[in-house]
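Next comes model.cif, a file with mmCIF, C-alpha atoms.
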```cif
data_my_file
#
loop_
_atom_site.label_atom_id
_atom_site.label_comp_id
_atom_site.auth_asym_id
_atom_site.auth_seq_id
_atom_site.Cartn_x
_atom_site.Cartn_y
_atom_site.Cartn_z
CA MET A 1 -11.35 -30.49 -0.85
CA ARG A 2 -11.55 -26.72 -0.51
CA LYS A 3 -8.55 -24.52 -1.27
CA VAL A 4 -7.06 -21.78 0.91
CA VAL A 5 -6.33 -18.77 -1.31
CA VAL A 6 -4.21 -15.92 0.05
CA TYR A 7 -4.89 -12.59 -1.71
CA GLU A 8 -2.32 -9.92 -0.86
CA LEU A 9 -1.41 -6.46 -2.06
CA LEU A 10 2.39 -6.05 -2.03
CA THR A 11 5.24 -3.83 -3.09
CA LEU A 12 8.14 -5.24 -5.13
CA ASP A 13 10.03 -5.70 -1.85
CA CYS A 14 7.05 -7.70 -0.46
CA VAL A 15 5.77 -5.10 2.03
CA ALA A 16 2.11 -5.93 2.65
CA GLU A 17 1.38 -3.56 5.53
CA ASP A 18 -0.65 -0.41 4.84
CA PRO A 19 -1.45 -1.07 1.16
CA ASP A 20 -3.16 2.33 0.83
CA ALA A 21 0.36 3.80 0.85
CA PHE A 22 1.41 1.96 -2.34
CA ILE A 23 -1.80 0.95 -4.14
CA THR A 24 -2.45 4.37 -5.61
CA GLU A 25 -4.69 3.20 -8.46
CA PHE A 26 -7.13 0.32 -8.74
CA ASP A 27 -7.82 -0.01 -12.44
CA GLU A 28 -10.45 -2.08 -14.25
CA GLU A 29 -8.12 -5.07 -14.78
CA MET A 30 -7.37 -5.13 -11.04
CA ARG A 31 -11.10 -4.96 -10.31
CA LYS A 32 -11.78 -7.88 -12.69
CA ASN A 33 -8.96 -9.88 -11.09
CA LEU A 34 -10.38 -9.30 -7.61
CA GLY A 35 -13.82 -10.28 -8.91
CA ARG A 36 -12.44 -13.60 -10.19
CA VAL A 37 -10.72 -14.30 -6.86
CA ILE A 38 -13.75 -13.61 -4.66
CA ALA A 39 -16.26 -15.28 -7.00
CA ALA A 40 -14.84 -18.67 -5.97
CA GLN A 41 -14.80 -17.91 -2.21
CA ASP A 42 -17.59 -18.47 0.29
CA SER A 43 -15.53 -18.09 3.48
CA VAL A 44 -12.69 -15.83 4.61
CA ILE A 45 -10.22 -15.98 7.46
CA LEU A 46 -9.09 -12.65 8.85
CA GLY A 47 -6.68 -11.52 11.52
CA ARG A 48 -7.88 -9.26 14.32
CA ARG A 49 -6.34 -6.04 12.96
CA THR A 50 -7.72 -6.51 9.44
CA TYR A 51 -11.13 -7.47 10.78
CA SER A 52 -11.32 -4.42 13.08
CA ASP A 53 -10.37 -2.05 10.25
CA TRP A 54 -12.84 -3.69 7.88
CA ALA A 55 -15.71 -3.81 10.41
CA ALA A 56 -15.44 -0.04 10.68
CA PHE A 57 -15.39 0.49 6.89
CA TRP A 58 -17.03 -2.21 4.74
CA PRO A 59 -20.58 -2.43 6.18
CA THR A 60 -21.41 1.02 4.77
CA SER A 61 -19.11 0.95 1.74
CA THR A 62 -20.35 0.81 -1.84
CA ILE A 63 -16.94 0.00 -3.36
CA GLU A 64 -17.43 -2.95 -5.68
CA PRO A 65 -16.92 -5.77 -6.20
CA PHE A 66 -15.65 -6.19 -2.63
CA ALA A 67 -18.49 -4.62 -0.60
CA SER A 68 -21.09 -7.04 -1.97
CA PHE A 69 -18.74 -9.93 -1.21
CA ILE A 70 -17.23 -9.17 2.21
CA ASN A 71 -20.37 -8.05 4.01
CA PRO A 72 -22.46 -11.26 3.69
CA VAL A 73 -19.63 -13.82 3.34
CA GLU A 74 -18.84 -16.21 6.20
CA LYS A 75 -15.96 -14.66 8.17
CA PHE A 76 -13.67 -16.39 10.67
CA VAL A 77 -11.54 -14.11 12.84
CA VAL A 78 -8.29 -15.21 14.46
CA THR A 79 -8.07 -13.33 17.75
CA SER A 80 -7.56 -13.84 21.46
CA THR A 81 -9.49 -10.69 22.41
CA ALA A 82 -13.15 -9.77 22.17
CA LEU A 83 -14.30 -8.15 18.95
CA GLY A 84 -15.43 -4.53 19.08
CA GLU A 85 -17.54 -3.69 16.05
CA THR A 86 -18.87 -6.79 14.38
CA MET A 87 -19.93 -7.64 10.86
CA GLU A 88 -22.64 -10.14 9.95
CA ASN A 89 -21.66 -13.81 9.59
CA THR A 90 -18.62 -13.50 11.86
CA THR A 91 -17.23 -16.28 14.06
CA VAL A 92 -14.13 -16.16 16.25
CA VAL A 93 -11.75 -19.08 15.63
CA GLN A 94 -11.54 -21.24 18.75
CA GLY A 95 -8.41 -23.28 19.41
CA ASP A 96 -5.49 -23.96 17.12
CA LEU A 97 -5.60 -22.16 13.74
CA ALA A 98 -4.02 -25.04 11.80
CA ASP A 99 -6.50 -27.55 13.22
CA PHE A 100 -9.40 -25.21 12.48
CA VAL A 101 -8.34 -24.61 8.86
CA THR A 102 -7.63 -28.30 8.27
CA GLU A 103 -11.18 -29.08 9.39
CA LEU A 104 -12.65 -26.15 7.43
CA LYS A 105 -11.00 -27.40 4.23
CA GLN A 106 -12.85 -30.71 4.69
CA ARG A 107 -16.28 -29.06 4.78
CA PRO A 108 -18.22 -28.64 1.54
CA GLY A 109 -18.00 -25.23 -0.09
CA GLY A 110 -15.95 -22.91 -2.20
CA ASP A 111 -12.48 -21.50 -1.71
CA ILE A 112 -11.43 -20.10 1.65
CA GLY A 113 -9.92 -16.63 1.28
CA VAL A 114 -7.29 -14.92 3.37
CA HIS A 115 -7.27 -11.20 2.60
CA GLY A 116 -4.73 -8.86 4.15
CA SER A 117 -4.08 -10.48 7.53
CA ILE A 118 -0.32 -10.87 7.16
CA MET A 119 0.22 -12.97 10.30
CA VAL A 120 -2.61 -15.35 9.40
CA ALA A 121 -1.20 -15.79 5.89
CA GLN A 122 2.29 -16.42 7.29
CA SER A 123 1.01 -18.95 9.82
CA LEU A 124 -0.96 -20.85 7.20
CA LEU A 125 2.03 -20.86 4.82
CA GLU A 126 4.23 -22.25 7.62
CA CYS A 127 1.70 -25.02 8.30
CA GLY A 128 1.47 -25.95 4.62
CA LEU A 129 -2.23 -25.05 4.43
CA VAL A 130 -2.10 -22.43 1.65
CA ASP A 131 -2.97 -23.82 -1.77
CA GLN A 132 -2.76 -20.65 -3.84
CA LEU A 133 -1.27 -17.16 -3.67
CA GLN A 134 -3.00 -14.36 -5.57
CA LEU A 135 -0.65 -11.38 -5.42
CA VAL A 136 -1.12 -7.83 -6.63
CA VAL A 137 2.37 -6.39 -6.84
CA ALA A 138 2.60 -2.60 -6.95
CA PRO A 139 5.29 -0.90 -9.03
CA ALA A 140 6.82 0.49 -5.83
CA ILE A 141 9.44 -0.23 -3.19
CA HIS A 142 8.23 0.66 0.28
CA MET A 143 11.13 -0.58 2.47
CA ARG A 144 9.15 -0.12 5.70
CA GLY A 145 6.41 -2.27 7.13
CA ARG A 146 5.65 -5.92 7.62
CA LYS A 147 6.49 -8.16 4.70
CA LEU A 148 4.49 -11.19 3.67
CA PHE A 149 7.61 -13.33 3.32
CA ASP A 150 9.53 -12.17 6.40
CA LYS A 151 9.95 -15.61 7.92
CA GLY A 152 12.34 -17.06 5.33
CA LEU A 153 10.05 -20.00 4.63
CA SER A 154 11.01 -22.17 1.65
CA LYS A 155 8.11 -23.10 -0.64
CA ARG A 156 8.07 -24.07 -4.27
CA LEU A 157 5.56 -22.02 -6.28
CA THR A 158 4.22 -22.57 -9.77
CA LEU A 159 3.14 -19.46 -11.64
CA THR A 160 -0.23 -20.20 -13.24
CA SER A 161 -1.32 -16.73 -14.34
CA GLN A 162 0.27 -13.35 -14.88
CA ILE A 163 -1.35 -10.13 -16.01
CA THR A 164 0.06 -6.63 -16.09
CA SER A 165 -2.66 -4.09 -15.42
CA PRO A 166 -2.79 -0.83 -17.41
CA SER A 167 -1.54 0.99 -14.28
CA GLY A 168 1.55 -1.25 -14.13
CA TYR A 169 0.51 -3.60 -11.32
CA LEU A 170 1.44 -7.29 -11.65
CA LEU A 171 -1.46 -9.65 -11.00
CA LEU A 172 0.15 -12.98 -10.19
CA LYS A 173 -1.40 -16.33 -9.37
CA PHE A 174 0.76 -19.09 -7.89
CA GLN A 175 0.01 -22.67 -6.85
CA VAL A 176 1.86 -23.52 -3.64
CA GLU A 177 3.55 -26.89 -4.03
CA GLY A 178 3.61 -29.57 -1.35
#
```
Encoded form using C-alpha cells:
Amino acid sequence: MRKVVVYELLTLDCVAEDPDAFITEFDEEMRKNLGRVIAAQDSVILGRRTYSDWAAFWPTSTIEPFASFINPVEKFVVTSTALGETMENTTVVQGDLADFVTELKQRPGGDIGVHGSIMVAQSLLECGLVDQLQLVVAPAIHMRGRKLFDKGLSKRLTLTSQITSPSGYLLLKFQVEG
C-alpha cells in the first residue's frame, strides 16, 4: 500500500503559513533531504491556496530539485471552486477527501506527497491517513500564522531520522502510529 507523506516547513512554534518569512536559507543538506522525499513520490495532494500560488510560480521556475518534480507529477487539488491557472497533470478531487485518499492509497505507485497545504495535512491527520511526517523546522519562532498542529489532535509519532543542516534547520522524519 502507498504511503501519504506530509512535508512541511515549520517554525519551532509550528507555524507553517508563509514559510518564506522564516526559511531564510535553503542549504545543500536541505536540498538533499527534499530530493530524498520527492524521489519516492509520484503523486501529490494540494490545497487550493497552495496550488494557486504554485501554478503561478513553478511552471517557469528552474529551482531544483523541486521544479523538475512538481511540474510533471500527478497533482490532485482539494477545492470547491474552479481552478484559475492550471499546471499539467492536475485533477480536482471530487467528493470526500478521506474516501479519495483511501482509494488512492490502494492504487499502485509511489508515495503520495502533501506539500504545504496546511488544511489538507490537518484533515488527513484527523482521518488517520498520514503515514509519515517530514518536517523542516526553522530556528525561529514566528508566533503568527496558521500552525500545522492547531487542532490539538493526539497522535503517537516515532522519530526515524534527524539531521541538523549547516544552517541550523532540523530535518525530522516521523512515522505516524496507528
Check your understanding: If the PyMOL selection byres ((chain A and resi 155) around 8) is run on the structure shown, which residues does it catch, given as a ChimeraX atom specification?
Key -> /A:153-154,156-157,176-178
For segment 95-116 of chain A versus segment 30-53 of chain A, which residues have an atom no more than 8 Å away, and what is each residue's nearest atom pair and distance in Å rounded to one decimal, using all atoms listed in the file, chain-then-number order, as CSV?
```
residue,atom,partner,partner_atom,distance
A:Gly109,CA,A:Asp42,CA,6.8
A:Gly110,CA,A:Gln41,CA,5.1
A:Asp111,CA,A:Gln41,CA,4.3
A:Ile112,CA,A:Ser43,CA,4.9
A:Gly113,CA,A:Val44,CA,4.4
A:Val114,CA,A:Ile45,CA,5.1
A:His115,CA,A:Leu46,CA,6.7
A:Gly116,CA,A:Thr50,CA,6.5
```
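Rounded to one decimal, atom CA of Val137 of chain A and atom CA of Ile63 of chain A lie 20.6 Å from each other.
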One decimal place gives the atom CA of Leu12 of chain A-atom CA of Pro139 of chain A separation as 6.5 Å
Starting from the shown file, work through the PyMOL selection byres ((chain A and resi 158) around 6) and note down what comes out as a compact mmCIF listing (two decimals) with C-alpha atoms, in the coordinates of the input.
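Done, and the output landed in part.txt:
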```
# COMPACT_ATOMS: atom_id res chain seq x y z
CA LEU A 157 5.56 -22.02 -6.28
CA LEU A 159 3.14 -19.46 -11.64
CA PHE A 174 0.76 -19.09 -7.89
CA GLN A 175 0.01 -22.67 -6.85
```
Using only C-alpha atoms, the best pick from A:Asp27, A:Asp13, A:Asp96, A:Glu103 as closest to Ala140 of chain A would be A:Asp13
query: Using all atoms listed in the file, which of A:Thr91, A:Arg2, A:Met119, A:Glu25 sits nearest Arg107 of chain A?
result: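 Residue with the minimum atom-to-atom distance to Arg107 of chain A: A:Arg2.
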Separating atom CA of Leu171 of chain A from atom CA of Val120 of chain A, to the nearest tenth of an Å, is a gap of 21.2 Å
Would you write out, as a JSON list (two decimals) with C-alpha atoms, keeping the file's coordinate frame, every residue that the PyMOL selection byres ((chain A and resi 83) around 9) captures in this file?
```
[["chain", "number", "residue", "atom", "x", "y", "z"],
["A", 48, "ARG", "CA", -7.88, -9.26, 14.32],
["A", 51, "TYR", "CA", -11.13, -7.47, 10.78],
["A", 52, "SER", "CA", -11.32, -4.42, 13.08],
["A", 77, "VAL", "CA", -11.54, -14.11, 12.84],
["A", 79, "THR", "CA", -8.07, -13.33, 17.75],
["A", 81, "THR", "CA", -9.49, -10.69, 22.41],
["A", 82, "ALA", "CA", -13.15, -9.77, 22.17],
["A", 84, "GLY", "CA", -15.43, -4.53, 19.08],
["A", 85, "GLU", "CA", -17.54, -3.69, 16.05],
["A", 86, "THR", "CA", -18.87, -6.79, 14.38],
["A", 92, "VAL", "CA", -14.13, -16.16, 16.25]]
```
